[in-house]
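Some notes on the structure that comes next.
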Amino acid sequence: MKTSTRFWLLASSILVSLAVLTFLVHYRLIDRYLSRLLMLGAIQSIIALSLNLITGFTGQLSLGQAGFVGIGAYTTAIFTTQGWPFPLALIPSVGFAALAGFLVAWPSLRLRGDYLAIMTLGFGEIIRSLIINLGDLTGGASGFKDIPGFHADGDINRSIGFLWIFLSFILVTVLITNLIRSSHGRAILSVREDEIAARAMGVDIRRVKIGAFALSAALAGWGGALQAPFLNYLAPTSYDFLKSVDIVVILVLGGMGSITGTILAAFGLTLLQEWLRFLGDYRMVIYPLLMILMMLFRPQGLMGGREWSLWNLIARLGGKNREVRHG
Amino acid sequence: MLRVTGLEVSYGSIRAVQGIDFDVREGEIVTLIGANGAGKTSTLHALSGLIPSTGSVELEIDGNRHNLRGIAPDLRVGLGLVQVPEGRRVFGNLSVRDNLLLGAYRRKDDLTKDLENVFRLFPRLKERLNQRSSTLSGGEQQMLAIGRALMSRPRILLLDEPSMGLAPLLVREIFRIIQAINAEGVTILLVEQNAHMALKIAQRAFVLETGKIALSGPADELARSETVKRAYLGG
Amino acid sequence: ADSYGSGPIRIGAILPISGRIAEYGKQTRDAAILAVEEINAAGGILGRQVELIVEDDEADPVKTANAFTKLVERDKISALMGALTSNCSLAITNLAMSEKIPMVSPTSTNDKVTLAGEYVFRACYIDSFQGQVVANYAVDTLKARRAAILYDLANDYSKGLFENFKKVFEARGGTVVAESYNTGDKDFNAQITSIRGFNPDVIFLPDYYSAVALIAEQIRNQGIRVPLLGADGWDEVAGKADTWMMPAFYSNHYSPESQDPDVVKFIAAYKARFGVEPNALAALGYDATRIILQAIKAAGSAQPTEIQKALVNVSGKFVTGNISFDANRNPIKSAVMVEIVQGTSGLTTRYAGTVNP
Amino acid sequence: MTFFAQLLQQIVNGLALGSIYALISLGYTMVYGIVRLINFAHGDLLTIGAFIAYFCLVALGITPLTLTIAILLAMAVTPLFGYALERFAYRPLRDAPRINSLITAIGASILIENGLRVVPFIGTEFRRFPTMTTAQWILMQSTDEFGQLIKVTISQTQLLVFFVAALLMGVLVLIVDRTKTGKAMRATSFDMKAAALMGINVNRIVSFTFLLGSSLAAAAGVLFALSYPQIEPYMGIMPGLKAFVAAVLGGIGSIPGAMLGGLILGLAETLTKGFISSQLSDAVVFLILIVILMFRPSGLLGKAVKEKV
Amino acid sequence: MDSVLRVENISIQFGGLRAVNDFSLDLKSQDLVGLIGPNGAGKTTVFNLLTGVYEPTSGTILYKSHNGRLYRLEGMPPNRITQLGIARTFQNIRLFPGLTVLENVLVSHHFSIRYNWLEAVLRLPRYWREEARIREQSLELLQIFGLADYADYKANQLPYGQQRKLEIVRALATSPQLLLLDEPAAGMNPQETRQLMDLILFIREHFHLTLLLIEHDMSLVMGICQRVVVLDYGNILAEGPPDHVRNNPEVIRAYLGEDVHA
Ligand SMILES: Nc1ncnc2c1ncn2[C@@H]1O[C@H](COP(=O)(O)OP(=O)(O)OP(=O)(O)O)[C@@H](O)[C@H]1O
Ligand SMILES: Nc1ncnc2c1ncn2[C@@H]1O[C@H](COP(=O)(O)OP(=O)(O)OP(=O)(O)O)[C@@H](O)[C@H]1O
Ligand SMILES: [Mg+2]
Ligand SMILES: [Mg+2]
């Protein structure tokens, strides 16, 4: 098969599945509770993928990812409340988040490992503190309410939101997958593996890191932007340190550096947390226990840096060369 | 003194050592040579208990036999089996003195004589006693690694490529010192890339090829063997 | 065929059963269970039994909305009792509007909660009313001219009370200095030192009792002896403090010492069922549930839209006082002021007056 | 109150708060220094220590003697939890990537916090920690122009915390720098395998590190509870996080650095709240942290180890 | 300037230690020069200075790139220097351990790649063309070093000696004009060393390389270098053709020792 044929085959099969899903959601063959959870899972996937880019692939542990998500969410909330349509509001949301990522990247260039982690944590806390203190703009502690939904005329037609969220999810996944399987992606990976050697091979690690941080923040902001119209209400507590940790947990459980693993874990944990809710206080005992057991018995995460086999198939269809990792 | 039978080491699907038998007799210098990746380091790690292995390793000290299966690395040191690891691995955050003292970690008796002994072999270390060991030159670090191992009063010393990366002058110095240590009654198992020198000072030798012992015999005989010459001595 | 017409009448409850404020959620839930059990024991309403379906929101707004969707979509509830915190309630008020499911929050005091529209009610009075009650008490009864406020800026309950107290106190000619902190802070010495420099006549501490106990002790440790003022979040603070707390006053929904037969009966029933004294949250949870039940009865239907219509007209005597709803679906009811005093074993409270809206 | 008196009082407040942070971050930084693990559960060991002392004090009543007993008991019993954590949650992951241990640590932390909440005799409700009415020492006293009495005071508890922190720091430095076990600890931190080849029982050294670290956490927990007399299962989260920040500020792994970082953090927080804005105090504190890290990427007393190529 | 590289009196100080002192060196096109000296003499440090890892405390480094332009390298970031055509290997192997052998080599092409990240994400034709080009070039290089069969292995699964070779391949993939090899034969036995010597000579011819190499194995240094520079305590102790240096009494005293056979 020619490359282009394969590409169209892949693209159309994805679009067809999306159309089928949307149809099922629209006619409530998937009920609204499940579709809501699927949307949450997709948004979590986007956010976790953004962390995967900076932490899994670039090797820079970020404990402040929720801050970038918050920037995206609040920016969209502010602009759509001002009457901007969602797609237009997406632009400043992603832009501001990217800018914040850029700002974090600068001082972070000299830091490694745990120092970097604490720096990003600090940035996340500063963003949260700003959200709380920008009273009228963000709603402060009582939260941002009455954010317009995806549909302009206020009709809560879920399939439109569903379409937006899943389209974004597919776009972000494709973006990261294609980026990583390119020379730019290899430059990113080389920074993770050995910065000194990367520089010696002509890789401008400052640029790579700043770019990766900005892109990661932008994608996190994208995820946040989807939250605003979807949730309709934003509270600052949704963007604190513990939420950043949640994202790290998804990443590690899925397998650092694995795209399918991240997605699997994002959906899995979203559903799992919902199913475990009936346990009340015991939920918070069982959940960490699962986390620890997972680390003990499958320390490489669900996918351990590899990709799902069907994904390999897709990758093979989509690209003419196999980049299947061994190991 | 050391008897190894059926030793196997695997890393996942890679079988680095594939069932080797050999022995080292008391007071000998025995050398293990072989190409890159032949499994020499893996063998020594298995003997020290740093990595899991199958097969049997028996150590005989003063007429007492010890089966080393399941014995932790630190206890093996207590029995007298000590390794100088590949790449020196001195404790860079500690001074030369502290490195030496840690070599004698398991001992509770007086160390002055041992220290003097080390300084006699390596006068350079005495000059650098309070220096952070990460700032030593490569050769000095190698001396420190050997000296540190001697502090535990080994009965059998495993040396992993002690001459790697050293200046020619030092290489000869190191081999001289190995002989001196041996003369003081320490049995030596030497892994070397510098086959010329290793075969010169050893009594017996084993050649390891992709995890198996390909040749063995008295060192001078092997040094004359055509196969060894071609494969390891460069013609 | 509609799913509301047959079988038990299903009422949802969304409360924090786990997480940081699980204690509050559990007490409220227990009170709701009590109310439902009582009505079922008396033969139910409209000849049908009532089923209470409780979902845990972990005090997380996103989880609250998930739970709401589940209750509406899967359980087909007729009405919702919840959510507990204002943040969680705000996360679902618009959903309640679009799904046309009436909700009665027992305890969300933030003014904004009921602004979403005609399906959102609450059983508690709102921050602006309570801030006003306490401020007036400070001016009228305590003759205070200078008030210091120490509030939690990350908590909208605390912030709401702070703003409304300040507004009223200043309008009545007083001077206010405010300091803030963050949820979970333990050390308030810096702020207290600043307050000490201001020499206040009273200090207003609009927060929950756990924080209040810590702050109060640090205030006294810095040698400040002026009266401390609080709001309904102080409920139960007496059990966690010592004589240093006094003098201290706070507004509350009801006074457990009340001799009102409804109150006495509720306290006895709750104690018999759960083995502990009900607090104000429990009382509100009980009332919120009973408001819903009364509306269903009045509507003569389990249809959410019918229940909503009936809710607007609910009026009657409840544990926390006489309740009827104003145009914004906030209850019109009175507050009580209580004083913390030395009892036979430790601190207790004493009724110090009723303030009517 | 004059500005000067106010400043002095705020500095006293800041140092008092800072010595608590310092105390907690000592154990944090030591475990990190040896095992390279950010032990997120450190704050929760603090909680456990506080609860042990609580039950002890409730049973015995509080006097200086029983308080000493309670501290010692907490320091003796809490390490069992630390040991179990190391043995069953961290040790199996020693050769795995570091982020895995980090996740396990986070998991352990959530587990302890919420595990305690379902234990019947602990539960979710907060309890008042017994305190002694301690004297306030007046550091400075005068009257201002309006005849108001100005006092700058410090409490016995605050002093106690400060001295215990300084003492434990000294003891810790002695152990790590001077004893043979300390040397073995440092060797283990540098190269575990090489340490094993020296006859060092690496497992025992790591366990010892955790025992010591948890013991320190317990001591910190009791003093923390004494200063802010309210205990509940979540009480360790914030101080744990702050202590982590303090440890990084001082140079993680450096024991005097933890002390310094703690004091600076306490001062920065208090002075910001007192003079700039209590609303922005967290933001300001983290801004300070970021600025310091920009100029000293390995913290104030951390050694900038330039990688030799 | 007719030299490729002219180093003039560079020095560097680490705390109290003057690791390299007044070092000068002149390399003409396709020179093959050895840099030897006792452990800790400062050889690796010279490499680090040339490649921008360290900035010299004083002195200048002049370099003429492929296109004849002159550059001063002091203070230039390492990646820029590599892009100008100076590549190196590391004494302590620094591969990208988690990447495959092929990916390790592909990274070296990054700076010369002619598509941007958007083209990569959208998979535009230029992406495919470029990927095919660099893949082919990389495999060719691996072939020369007998590593093509390992292309899909993770780098850290290779035995030590192969890893050393991969280091060289990776450096070559940056299309350098000047290649710096730091102890390429360390950990190789005499036979492997001989093969390596042939390889070095081959790539010099094939890629028109100028080579500077550090090595303790005298058979290699004396066997293939045209010129040898001896460092001791950061200072140049001797310089000249191998035979000349080998018999220099100072060099014998400080470095070679008596009875050297090579
Ligand atoms: N940690 C490991 N994981 C996977 N494979 C390994 C590991 N360590 C060694 N190997 C493999 O095991 C084989 C034997 O390696 P070993 O280090 O024992 O060889 P060696 O004879 O010491 O070689 P050298 O002379 O290069 O030191 C090699 O193929 C190597 O790639
Ligand atoms: N970053 C650094 N900080 C401090 N000292 C350094 C640094 N880099 C090198 N040195 C010191 O400079 C001296 C020269 O080191 P260098 O690595 O250049 O030696 P070398 O000649 O390559 O030795 P070898 O043959 O053992 O590799 C040594 O004493 C080394 O400890
Ligand atoms: Mg080896
Ligand atoms: Mg070198």
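Each chain in the structure tokens gets a letter, A, B and so on, in the order shown; residues start at 1 in every chain, and ligands are counted from 1 in the order they appear.
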Which polymer residues have any atom within 12 Å of an atom of A:Glu193, counting only C-alpha atoms, with same-chain residues fewer than 3 positions away left out, as a PyMOL selection string?
-> (chain A and resi 55-60+186-190+196-199+205) or (chain E and resi 94-100+103-104+107+155-156)
Give me every strand (DSSP E or B) residue in stretch 150-259 of chain D, going by DSSP on the backbone, as a ChimeraX atom specification.
-> /D:150-155,230-231
List all protein, DNA and RNA residues that have any atom at most 9 Å from ligand 4, counting only C-alpha atoms and all ligand atoms, and write the list as a list of chain:residue names.
-> B:Ser137, B:Gly138, B:Gly165, D:Val309, E:Asn39, E:Gly40, E:Ala41, E:Gly42, E:Lys43, E:Thr44, E:Thr45, E:Phe47, E:Phe90, E:Gln91, E:Asn92, E:Asp182, E:Glu183, E:Ile214, E:Glu215
Kindly provide, as a ChimeraX atom specification, the residues of chain D having any atom no farther than 6 Å from an atom of chain C, counting only C-alpha atoms.
-> /D:1,10,270,274,278
Near chain D, which residues of chain B fall within 9 Å when you count only C-alpha atoms, and what do they look like as a ChimeraX atom specification?
-> /B:48,50,72-78,82-85,88-94,98-99,101-106,148-149,152
Resulting file, chosen residues, N, CA, C and O atoms, as a tab-separated table (two decimals), in the first residue's frame:
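For reference, result-v3.tsv as written:
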chain	number	residue	atom	x	y	z
B	48	SER	N	30.40	-12.41	43.65
B	48	SER	CA	30.24	-11.53	44.80
B	48	SER	C	28.82	-11.49	45.31
B	48	SER	O	28.56	-10.90	46.35
B	50	LEU	N	26.32	-9.96	43.75
B	50	LEU	CA	25.63	-8.71	43.42
B	50	LEU	C	24.47	-8.95	42.48
B	50	LEU	O	23.54	-8.15	42.44
B	72	ALA	N	24.52	-13.18	51.26
B	72	ALA	CA	24.51	-11.79	50.81
B	72	ALA	C	25.93	-11.30	50.55
B	72	ALA	O	26.88	-11.81	51.13
B	73	PRO	N	26.06	-10.29	49.66
B	73	PRO	CA	27.39	-9.81	49.30
B	73	PRO	C	28.23	-9.41	50.51
B	73	PRO	O	29.43	-9.71	50.55
B	74	ASP	N	27.60	-8.73	51.45
B	74	ASP	CA	28.41	-8.25	52.58
B	74	ASP	C	28.96	-9.40	53.41
B	74	ASP	O	30.06	-9.32	53.95
B	75	LEU	N	28.19	-10.50	53.48
B	75	LEU	CA	28.69	-11.65	54.25
B	75	LEU	C	29.83	-12.34	53.50
B	75	LEU	O	30.75	-12.87	54.11
B	76	ARG	N	29.76	-12.31	52.17
B	76	ARG	CA	30.85	-12.90	51.40
B	76	ARG	C	32.15	-12.15	51.67
B	76	ARG	O	33.22	-12.74	51.73
B	77	VAL	N	32.02	-10.83	51.80
B	77	VAL	CA	33.20	-10.04	52.14
B	77	VAL	C	33.74	-10.51	53.48
B	77	VAL	O	34.95	-10.66	53.67
B	78	GLY	N	32.83	-10.77	54.40
B	78	GLY	CA	33.25	-11.26	55.71
B	78	GLY	C	34.02	-12.57	55.61
B	78	GLY	O	34.93	-12.83	56.40
B	82	VAL	N	36.58	-10.73	48.17
B	82	VAL	CA	36.43	-9.30	47.99
B	82	VAL	C	36.66	-8.94	46.53
B	82	VAL	O	37.54	-9.51	45.88
B	83	GLN	N	35.86	-7.99	46.03
B	83	GLN	CA	36.00	-7.61	44.63
B	83	GLN	C	36.41	-6.15	44.48
B	83	GLN	O	35.93	-5.29	45.21
B	84	VAL	N	37.31	-5.91	43.55
B	84	VAL	CA	37.59	-4.54	43.13
B	84	VAL	C	36.82	-4.35	41.83
B	84	VAL	O	37.18	-4.92	40.81
B	85	PRO	N	35.75	-3.58	41.86
B	85	PRO	CA	34.85	-3.58	40.70
B	85	PRO	C	35.40	-2.82	39.51
B	85	PRO	O	36.27	-1.97	39.64
B	88	ARG	N	36.36	1.21	39.06
B	88	ARG	CA	36.82	1.72	40.38
B	88	ARG	C	35.72	1.92	41.41
B	88	ARG	O	35.79	1.45	42.50
B	89	ARG	N	34.76	2.70	41.08
B	89	ARG	CA	33.63	2.94	41.99
B	89	ARG	C	34.06	3.29	43.41
B	89	ARG	O	33.57	2.74	44.38
B	90	VAL	N	34.96	4.26	43.48
B	90	VAL	CA	35.28	4.77	44.82
B	90	VAL	C	34.12	5.66	45.26
B	90	VAL	O	33.34	6.13	44.45
B	91	PHE	N	34.02	5.86	46.56
B	91	PHE	CA	32.94	6.72	47.08
B	91	PHE	C	33.37	8.16	46.92
B	91	PHE	O	34.07	8.72	47.77
B	92	GLY	N	32.95	8.77	45.85
B	92	GLY	CA	33.45	10.09	45.48
B	92	GLY	C	33.14	11.16	46.49
B	92	GLY	O	33.83	12.18	46.56
B	93	ASN	N	32.10	10.94	47.29
B	93	ASN	CA	31.72	11.97	48.25
B	93	ASN	C	32.51	11.86	49.55
B	93	ASN	O	32.31	12.63	50.47
B	94	LEU	N	33.37	10.87	49.63
B	94	LEU	CA	34.14	10.67	50.86
B	94	LEU	C	35.63	10.89	50.60
B	94	LEU	O	36.10	10.78	49.47
B	98	ASP	N	38.40	7.97	54.48
B	98	ASP	CA	37.11	7.32	54.76
B	98	ASP	C	36.86	6.14	53.83
B	98	ASP	O	36.31	5.12	54.23
B	99	ASN	N	37.28	6.28	52.58
B	99	ASN	CA	37.15	5.16	51.67
B	99	ASN	C	37.91	3.95	52.20
B	99	ASN	O	37.40	2.83	52.20
B	101	LEU	N	38.82	3.35	55.28
B	101	LEU	CA	38.21	2.83	56.52
B	101	LEU	C	36.96	2.02	56.21
B	101	LEU	O	36.69	1.01	56.87
B	102	LEU	N	36.22	2.44	55.20
B	102	LEU	CA	35.02	1.68	54.85
B	102	LEU	C	35.38	0.31	54.32
B	102	LEU	O	34.61	-0.64	54.45
B	103	GLY	N	36.56	0.21	53.70
B	103	GLY	CA	36.99	-1.10	53.24
B	103	GLY	C	37.05	-2.09	54.39
B	103	GLY	O	36.80	-3.28	54.24
B	104	ALA	N	37.36	-1.55	55.56
B	104	ALA	CA	37.47	-2.40	56.75
B	104	ALA	C	36.18	-2.36	57.56
B	104	ALA	O	36.20	-2.59	58.78
B	105	TYR	N	35.08	-2.09	56.90
B	105	TYR	CA	33.81	-1.87	57.60
B	105	TYR	C	33.45	-3.00	58.55
B	105	TYR	O	32.98	-2.79	59.65
B	106	ARG	N	33.69	-4.22	58.12
B	106	ARG	CA	33.25	-5.35	58.95
B	106	ARG	C	34.22	-5.68	60.06
B	106	ARG	O	33.94	-6.54	60.90
B	148	ARG	N	41.43	-0.03	49.19
B	148	ARG	CA	40.21	-0.16	49.97
B	148	ARG	C	39.84	-1.64	50.13
B	148	ARG	O	39.47	-2.09	51.21
B	149	ALA	N	39.98	-2.39	49.04
B	149	ALA	CA	39.66	-3.81	49.12
B	149	ALA	C	40.63	-4.54	50.05
B	149	ALA	O	40.24	-5.43	50.81
B	152	SER	N	40.04	-4.94	53.93
B	152	SER	CA	39.18	-5.93	54.57
B	152	SER	C	39.92	-7.26	54.75
B	152	SER	O	39.31	-8.24	55.14
For atom CA of D:Leu289 and atom CA of A:Leu111, quote the distance in Å rounded to one decimal.
->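 That distance, rounded to one decimal, is 12.6 Å.
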Give the helix (DSSP H, G or I) residues of stretch 125-180 of chain A, as DSSP finds them on the backbone, and put them as number ranges by chain.
-> A: 125-133, 135-138, 140-142, 158-180
Could those selected residues go to a file with N, CA, C and O atoms, as a short mmCIF file (atom, residue, chain, number, x, y, z; two decimals), in the first residue's frame?
data_model
loop_
_atom_site.label_atom_id
_atom_site.label_comp_id
_atom_site.auth_asym_id
_atom_site.auth_seq_id
_atom_site.Cartn_x
_atom_site.Cartn_y
_atom_site.Cartn_z
N GLU A 125 1.61 26.58 42.50
CA GLU A 125 0.99 27.20 43.68
C GLU A 125 0.78 28.69 43.45
O GLU A 125 -0.21 29.26 43.91
N ILE A 126 1.72 29.32 42.74
CA ILE A 126 1.56 30.75 42.47
C ILE A 126 0.33 30.97 41.59
O ILE A 126 -0.48 31.87 41.85
N ILE A 127 0.18 30.11 40.60
CA ILE A 127 -0.98 30.26 39.72
C ILE A 127 -2.28 30.08 40.51
O ILE A 127 -3.22 30.86 40.39
N ARG A 128 -2.28 29.06 41.39
CA ARG A 128 -3.48 28.83 42.18
C ARG A 128 -3.77 30.04 43.07
O ARG A 128 -4.90 30.50 43.20
N SER A 129 -2.70 30.56 43.66
CA SER A 129 -2.85 31.71 44.54
C SER A 129 -3.41 32.91 43.75
O SER A 129 -4.27 33.64 44.25
N LEU A 130 -2.95 33.07 42.52
CA LEU A 130 -3.46 34.16 41.70
C LEU A 130 -4.94 33.96 41.39
O LEU A 130 -5.73 34.90 41.46
N ILE A 131 -5.30 32.72 41.06
CA ILE A 131 -6.71 32.45 40.75
C ILE A 131 -7.58 32.86 41.93
O ILE A 131 -8.63 33.51 41.78
N ILE A 132 -7.13 32.53 43.13
CA ILE A 132 -7.94 32.85 44.30
C ILE A 132 -7.99 34.36 44.54
O ILE A 132 -9.00 34.90 44.95
N ASN A 133 -6.89 35.03 44.24
CA ASN A 133 -6.82 36.45 44.60
C ASN A 133 -7.29 37.41 43.52
O ASN A 133 -7.46 38.59 43.79
N GLY A 135 -9.96 38.02 42.51
CA GLY A 135 -11.39 38.07 42.85
C GLY A 135 -12.38 38.17 41.71
O GLY A 135 -12.94 37.17 41.27
N ASP A 136 -12.56 39.38 41.16
CA ASP A 136 -13.65 39.59 40.22
C ASP A 136 -13.42 38.90 38.88
O ASP A 136 -14.35 38.44 38.24
N LEU A 137 -12.16 38.80 38.51
CA LEU A 137 -11.85 38.21 37.22
C LEU A 137 -12.11 36.71 37.22
O LEU A 137 -12.65 36.15 36.28
N THR A 138 -11.72 36.06 38.32
CA THR A 138 -11.77 34.59 38.35
C THR A 138 -12.85 34.05 39.27
O THR A 138 -13.06 32.85 39.35
N GLY A 140 -12.56 34.15 42.38
CA GLY A 140 -11.89 33.88 43.65
C GLY A 140 -12.22 32.52 44.20
O GLY A 140 -12.41 31.55 43.47
N ALA A 141 -12.30 32.49 45.53
CA ALA A 141 -12.49 31.20 46.19
C ALA A 141 -13.84 30.58 45.88
O ALA A 141 -13.98 29.36 45.88
N SER A 142 -14.83 31.41 45.60
CA SER A 142 -16.15 30.79 45.40
C SER A 142 -16.30 30.25 43.99
O SER A 142 -17.32 29.66 43.66
N ARG A 158 -25.40 17.51 24.24
CA ARG A 158 -24.15 16.92 24.66
C ARG A 158 -23.26 16.46 23.52
O ARG A 158 -22.06 16.38 23.65
N SER A 159 -23.86 16.13 22.39
CA SER A 159 -23.01 15.57 21.35
C SER A 159 -22.05 16.62 20.80
O SER A 159 -20.98 16.29 20.32
N ILE A 160 -22.41 17.89 20.93
CA ILE A 160 -21.48 18.92 20.44
C ILE A 160 -20.27 18.99 21.34
O ILE A 160 -19.12 19.00 20.87
N GLY A 161 -20.51 19.01 22.63
CA GLY A 161 -19.39 18.98 23.57
C GLY A 161 -18.56 17.73 23.37
O GLY A 161 -17.34 17.78 23.36
N PHE A 162 -19.26 16.64 23.20
CA PHE A 162 -18.59 15.36 23.00
C PHE A 162 -17.67 15.42 21.79
O PHE A 162 -16.52 15.00 21.83
N LEU A 163 -18.19 16.00 20.72
CA LEU A 163 -17.41 16.10 19.50
C LEU A 163 -16.17 16.96 19.72
O LEU A 163 -15.07 16.59 19.32
N TRP A 164 -16.37 18.11 20.35
CA TRP A 164 -15.24 18.99 20.62
C TRP A 164 -14.17 18.26 21.42
O TRP A 164 -12.99 18.31 21.12
N ILE A 165 -14.63 17.62 22.48
CA ILE A 165 -13.66 17.01 23.39
C ILE A 165 -12.93 15.86 22.70
O ILE A 165 -11.70 15.76 22.78
N PHE A 166 -13.67 15.03 22.00
CA PHE A 166 -12.98 13.88 21.39
C PHE A 166 -12.14 14.28 20.18
O PHE A 166 -11.10 13.69 19.92
N LEU A 167 -12.59 15.32 19.46
CA LEU A 167 -11.73 15.81 18.38
C LEU A 167 -10.42 16.33 18.94
O LEU A 167 -9.34 16.03 18.43
N SER A 168 -10.52 17.09 20.02
CA SER A 168 -9.31 17.61 20.66
C SER A 168 -8.42 16.47 21.11
O SER A 168 -7.20 16.48 20.92
N PHE A 169 -9.06 15.48 21.70
CA PHE A 169 -8.32 14.33 22.20
C PHE A 169 -7.55 13.64 21.07
O PHE A 169 -6.36 13.34 21.18
N ILE A 170 -8.23 13.44 19.95
CA ILE A 170 -7.57 12.79 18.81
C ILE A 170 -6.44 13.67 18.28
O ILE A 170 -5.32 13.20 18.03
N LEU A 171 -6.72 14.96 18.17
CA LEU A 171 -5.70 15.87 17.64
C LEU A 171 -4.45 15.86 18.52
O LEU A 171 -3.33 15.78 18.02
N VAL A 172 -4.67 15.96 19.82
CA VAL A 172 -3.53 16.01 20.73
C VAL A 172 -2.75 14.70 20.67
O VAL A 172 -1.51 14.70 20.64
N THR A 173 -3.46 13.60 20.62
CA THR A 173 -2.78 12.31 20.54
C THR A 173 -1.93 12.22 19.27
O THR A 173 -0.76 11.82 19.30
N VAL A 174 -2.54 12.59 18.16
CA VAL A 174 -1.81 12.53 16.90
C VAL A 174 -0.62 13.47 16.94
O VAL A 174 0.49 13.13 16.52
N LEU A 175 -0.86 14.65 17.48
CA LEU A 175 0.22 15.64 17.55
C LEU A 175 1.42 15.07 18.31
O LEU A 175 2.55 15.10 17.83
N ILE A 176 1.16 14.54 19.48
CA ILE A 176 2.27 14.04 20.29
C ILE A 176 2.91 12.83 19.63
O ILE A 176 4.14 12.71 19.56
N THR A 177 2.09 11.92 19.11
CA THR A 177 2.65 10.72 18.49
C THR A 177 3.54 11.10 17.32
O THR A 177 4.68 10.64 17.21
N ASN A 178 3.04 11.96 16.45
CA ASN A 178 3.83 12.33 15.29
C ASN A 178 5.06 13.13 15.66
O ASN A 178 6.11 13.00 15.04
N LEU A 179 4.91 13.95 16.68
CA LEU A 179 6.05 14.75 17.08
C LEU A 179 7.16 13.84 17.60
O LEU A 179 8.33 13.99 17.23
N ILE A 180 6.77 12.89 18.46
CA ILE A 180 7.78 12.04 19.08
C ILE A 180 8.49 11.19 18.03
O ILE A 180 9.67 10.92 18.12
#
